[in-house]
Amino acid sequence: MGRITLDKVTKSFGDVNVIPPLDLTINDGEFVVFVGPSGCGKSTLLRLIAGLEDVTSGQIRIDGEDATNLPPAKRKLAMVFQSYALYPHMSVRKNIAFPMKMAGVDEAEQKKRIEAAAKALNLTDYLDRRPGQLSGGQRQRVAIGRAIVREPSAFLFDEPLSNLDAALRVNMRLEISELHNQLETTMIYVTHDQVEAMTMADKIVVLRAGHIEQVGSPLELYRAPRNKFVAGFIGSPKMNFIEGAVAQQHGAETIGIRPEHITASETDGMWSGKVGVAEHLGSDTFLHVHDSGLAETITVRVNGEFSLRHGDTVYLTPEMDKVHKFDAQGLRFE
Amino acid sequence: MARAVTTNRKIINTAVAWGIGLLVFFPILWTILTSFKTEAQAIADPPIFLGFDWTLENYAVVMERSDYGKYLWNSIVIAGGSTILGIIIAVPAAWSMAFVPSKKTKDILLWMLSTKMLPAVGVLYPIYLLFIKMGILDSKIGLVIVLMLINLPIIVWMLYTYFKEIPGEILEAARMDGASLKEEVIYILTPMAIPGIASTLLLNVILAWNEAFWTLNLTAAKAAPLTAFIASYSSPEGLFYAKLSAASTMAIAPILILGWFSQKQLVSGLTFGAVK
């Protein structure tokens with residue numbers, strides 16, 4: 001089980017209110033990602049759930065029981081830290097065994113679980129090494145192994161991949177997703193990387209300044225962002241925002257069009273502009289178009305074969321049914 | 001070319017380092033050499049560096065005249081006792097300052113350090129009177145307490161610096177893993193802090209061993225450590241440089257040997273906080 005409910009939870013550090021009253025329910029077995037720019041309170045929220053910070057007011061319930069004042073050790077949650085937080089003076093085996101030792105699991109069972117975790121995480125050959133002798137990815141696996149053997153009711157991940165290089169990050173992302181499919185345990189994952197959020201989450205919670213901006217599945221957030229902030233945060237490259245006359249034609253204060261919803265042409269189109277930087281990814285090319293009279297830069301995703309160079313004129317046509325309309329408050333409307 | 005410059009610089013650096021090292025060590029070397037000379041050779045002008053008749057006579061006289069063993073034992077008890085007592089008091093203090101700091105923690109640390117800026121002689125009189133009233137003048141326990149207090153700020157500072165370097169997330173991980181405060185301290189913090197505690201211990205044994213002001217002023221015969229042993233060979237008996245040197249050599253030998261064997265720990269202790 002692993003159903004976590006936050007009920008009007010607030011957190012202040014001195015006079016600074018980091019989390020205003022916040023309600024959130026995380027269902028058993030869900031993979032929930034807290035995402036937002038740095039300083040949005042996502043890590044604080046995770047630490048409140050973990051019990052590493054005390055809530056200022058409100059209630060946290062885990063599986064229906066009030067856990068607001070329980071120490072971290074009693075919440076049956078396991079956490080994976082950004083810095084891995086392995087015990088440097090212990091071997092990998094002892095690191096993984098530590099939570100079981102604390103819980104008084106008998107030696108035979110400990111051994112069984114360590115071996116199972118090591119096998120699942122490709123750590124069997126490294127069990128007698130110290131954390132200092134491992135690579136970043138291996139360290140992160142040890143941290144995950146240490147979390148798994150506790151058989152927690154939920155896993156908490158605090159930006160676990162941000163210290164890894166790009167290739168490894170993609171690998172670990174898959175591994176964590178697979179782990180979730182296998183264990184079917186609740187996972188709460190904090191990241192500032194919207195790609196991680198989109199690819200891993202069942203449910204994304206977008207946070208800004210401690211407020212929940214929107215909660216929903218990745219595609220819900222992508223297709224129907226509640227406001228400009230969510231629209232700009234989810235999706236890569238970022239959504240283009242256009243104000244002024246063009247927006248007014250749509251009866252909106254601002255309209256938003258994703259780079260992948262604009263067609264580019266060398267000959268004709270609704271708008272025109274000059275190609276600034278063209279970023280070639282191989283499969284796709286991102287064109288940064290200037291002088292369109294719409295916004296300073298319009299980003300367009302085109303096919304990798306599309307050949308226009310710096311300074312060339314390009315014609316752009318948006319897919320009308322994919323245009324998002326926002327009112328003066330930045331809220332989206334149909 | 002670049003390589004040549006680096007090599008030249010290396011040679012210069014090495015030469016300078018050796019020069020400074022020898023300069024610092026020279027008085028000790030001179031003391032040791034003098035301890036093997038006769039009294040006449042010890043005050044010869046011009047001084048004789050190596051070409052003298054080596055003799056152990058001074059050591060024999062010193063051993064005969066004073067009870068070296070008693071002084072040595074007093075030094076061990078006072079230096080060891082004050083350090084251990086200091087560590088016992090400083091560990092929880094440094095712990096709380098490093099891991100549960102309050103707004104005043106920095107102020108308290110600075111205030112503690114400021115006590116080291118006070119000239120010791122400024123508090124000699126009150127402490128002397130206190131010692132008389134409490135009946136601990138010329139007692140080992142009295143010196144243990146005083147030296148512990150004298151060095152406590154340094155012990156707390158050193159331990160605080162070491163503890164600060166232990167990442168908070170590791171302690172939080174232990175908490176998440178189900179460790180109680182006691183288990184966190186026993187299984188995680190202490191093993192991680194052992195190198196720091198060892199360096200602190202070592203440095204303070206040396207500081208306490210060499211401390212002369214309080215040991216000379218607060219002892220007479222019973223609790224006198226090796227510093228008093230050296231002092232007993234200075235002025236009152238006239239200028240017996242060779243014997244004074246022999247006594248000094250005997251007094252510093254134990255700590256010199258200890259320091260030699262624990263150089264690595266000591267260097268890390270002396271540069272605490274400076275090197276990550």
# chains A, B, ... in the order shown; residues from 1 in each chain; ligands from 1
>>> residues_around(residues="Ala179 of chain B", least_positions_apart="2", cutoff="12 Å", atoms="only C-alpha atoms", output="PyMOL selection string")
(chain A and resi 71-74+98-104) or (chain B and resi 170-177+181-189)
>>> closest_atom_pairs(of="chain A", to="chain B", cutoff="10 Å", atoms="only C-alpha atoms", output="CSV")
residue,atom,partner,partner_atom,distance
A:Ala50,CA,B:Met176,CA,7.5
A:Gly51,CA,B:Met176,CA,8.5
A:Leu52,CA,B:Glu172,CA,7.0
A:Pro71,CA,B:Arg175,CA,8.3
A:Pro72,CA,B:Met176,CA,5.3
A:Ala73,CA,B:Gly178,CA,3.9
A:Lys74,CA,B:Gly178,CA,6.9
A:Arg75,CA,B:Met176,CA,8.4
A:Lys76,CA,B:Met176,CA,8.3
A:Leu77,CA,B:Met176,CA,7.1
A:Ala78,CA,B:Met176,CA,6.2
A:Met79,CA,B:Met176,CA,6.7
A:Val80,CA,B:Ala173,CA,8.0
A:Phe81,CA,B:Glu169,CA,7.4
A:Gln82,CA,B:Glu169,CA,9.0
A:Ser83,CA,B:Glu169,CA,7.6
A:Tyr84,CA,B:Ile170,CA,8.3
A:Ala85,CA,B:Ile170,CA,4.6
A:Leu86,CA,B:Ile170,CA,6.4
A:Tyr87,CA,B:Ile170,CA,6.6
A:Pro88,CA,B:Met192,CA,7.7
A:His89,CA,B:Met192,CA,6.7
A:Met90,CA,B:Ile188,CA,9.2
A:Ile96,CA,B:Asp177,CA,9.9
A:Ala97,CA,B:Asp177,CA,9.9
A:Phe98,CA,B:Asp177,CA,7.1
A:Pro99,CA,B:Asp177,CA,4.6
A:Met100,CA,B:Asp177,CA,8.1
A:Lys101,CA,B:Gly178,CA,9.0
A:Met102,CA,B:Gly178,CA,5.7
A:Ala103,CA,B:Gly178,CA,6.7
A:Ala143,CA,B:Ala173,CA,9.5
A:Arg146,CA,B:Asp177,CA,8.3
A:Ala147,CA,B:Asp177,CA,8.0
A:Arg150,CA,B:Asp177,CA,7.9
>>> residues_around(residues="Ser262 of chain B", least_positions_apart="3", cutoff="12 Å", atoms="only C-alpha atoms", output="PyMOL selection string")
chain B and resi 195+198-203+206+255-259+265-269
>>> select_by_dssp(residues="segment 71-169 of chain A", states="helix (DSSP H, G or I)", output="ChimeraX atom specification")
/A:72-74,92-103,107-120,124-126,131-133,136-148,166-169
>>> residues_around(residues="Ile89 of chain B", least_positions_apart="6", cutoff="10 Å", atoms="only C-alpha atoms", output="PyMOL selection string")
chain B and resi 83+148+152+155-156
>>> write_last_selection(atoms="C-alpha atoms", output="PDB file, in the first residue's frame")
ATOM      1  CA  THR B  83      42.521  15.791  26.047  1.00  0.00           C
ATOM      2  CA  MET B 148      41.160  20.949  29.340  1.00  0.00           C
ATOM      3  CA  LEU B 152      38.481  23.262  24.839  1.00  0.00           C
ATOM      4  CA  ILE B 155      38.896  21.068  20.372  1.00  0.00           C
ATOM      5  CA  VAL B 156      35.344  22.273  19.789  1.00  0.00           C
TER       6      VAL B 156
END
>>> atom_distance(atom1="atom CA of Phe333 of chain A", atom2="atom CA of Ala252 of chain A")
8.7 Å
>>> closest_residue(among="A:Ala328, A:Ala108, A:Met320, A:Val206", to="Ile262 of chain A", atoms="only C-alpha atoms")
A:Met320
>>> residues_around(residues="segment 236-250 of chain A", least_positions_apart="4", cutoff="7 Å", atoms="only C-alpha atoms", output="list in words")
Ala231, Gly232, Thr254, Ile255, Gly256, Ile257, Arg258, Pro259, Leu294, Ala295, Ile298 and Thr299 of chain A
>>> residues_around(residues="Leu33 of chain B", least_positions_apart="5", cutoff="12 Å", atoms="only C-alpha atoms", output="PyMOL selection string")
chain B and resi 26-28+38+41-42+47-56+58+241-246+248-249
>>> write_last_selection(atoms="C-alpha atoms", output="compact mmCIF listing (two decimals), in the first residue's frame")
# COMPACT_ATOMS: atom_id res chain seq x y z
CA PHE B 26 67.70 24.17 14.18
CA PRO B 27 67.06 25.10 17.86
CA ILE B 28 65.87 21.57 18.54
CA THR B 38 80.56 18.69 28.15
CA GLN B 41 82.09 22.69 25.16
CA ALA B 42 78.48 23.74 25.47
CA PRO B 47 80.36 27.34 19.21
CA ILE B 48 81.35 23.81 18.23
CA PHE B 49 78.88 22.26 15.80
CA LEU B 50 79.84 18.61 15.50
CA GLY B 51 83.51 18.28 16.37
CA PHE B 52 83.15 17.73 20.12
CA ASP B 53 83.70 14.71 22.38
CA TRP B 54 80.34 12.96 22.48
CA THR B 55 79.34 12.10 26.02
CA LEU B 56 76.29 10.68 27.80
CA ASN B 58 74.69 14.82 31.15
CA TYR B 241 73.56 24.35 29.35
CA ALA B 242 74.50 20.78 28.62
CA LYS B 243 72.38 19.37 31.43
CA LEU B 244 69.51 21.70 30.62
CA SER B 245 69.72 20.46 27.03
CA ALA B 246 69.74 16.84 28.15
CA SER B 248 64.94 19.24 27.40
CA THR B 249 65.75 16.44 24.99
>>> atom_distance(atom1="atom CA of Met97 of chain B", atom2="atom CA of Ser114 of chain B")
17.1 Å
>>> atom_distance(atom1="atom CA of Ser57 of chain A", atom2="atom CA of Arg3 of chain A")
20.1 Å
>>> closest_residue(among="A:Asp202, A:Ile148, A:Gly132, A:Val323", to="Ala120 of chain A", atoms="only C-alpha atoms")
A:Ile148
>>> residues_around(residues="Ala223 of chain B", least_positions_apart="6", cutoff="12 Å", atoms="only C-alpha atoms", output="PyMOL selection string")
chain B and resi 70-78+136-144+214-217+229
>>> select_by_dssp(residues="segment 13-219 of chain A", states="strand (DSSP E or B)", output="JSON, numbers by chain")
{"A": [13, 16, 17, 18, 19, 20, 21, 22, 23, 24, 25, 26, 31, 32, 33, 34, 35, 57, 58, 59, 60, 61, 62, 65, 66, 77, 78, 79, 80, 154, 155, 156, 157, 158, 186, 187, 188, 189, 190, 191, 203, 204, 205, 206, 207, 208, 211, 212, 213, 214, 215, 216]}
>>> closest_residue(among="A:Val142, A:His211, A:Val205, A:Glu115", to="Lys8 of chain A", atoms="only C-alpha atoms")
A:His211
>>> closest_atom_pairs(of="segment 178-289 of chain A", to="segment 310-313 of chain A", cutoff="9 Å", atoms="only C-alpha atoms", output="tab-separated table")
residue	atom	partner	partner_atom	distance
A:Glu266	CA	A:Thr313	CA	7.1
A:Thr267	CA	A:Thr313	CA	8.9
A:Ser272	CA	A:Thr313	CA	6.9
A:Gly273	CA	A:Thr313	CA	5.6
A:Lys274	CA	A:Thr313	CA	4.6
A:Val275	CA	A:His310	CA	5.1
A:Gly276	CA	A:His310	CA	5.3
A:Val277	CA	A:His310	CA	6.2
A:Ala278	CA	A:His310	CA	7.1
A:Val289	CA	A:Thr313	CA	9.0
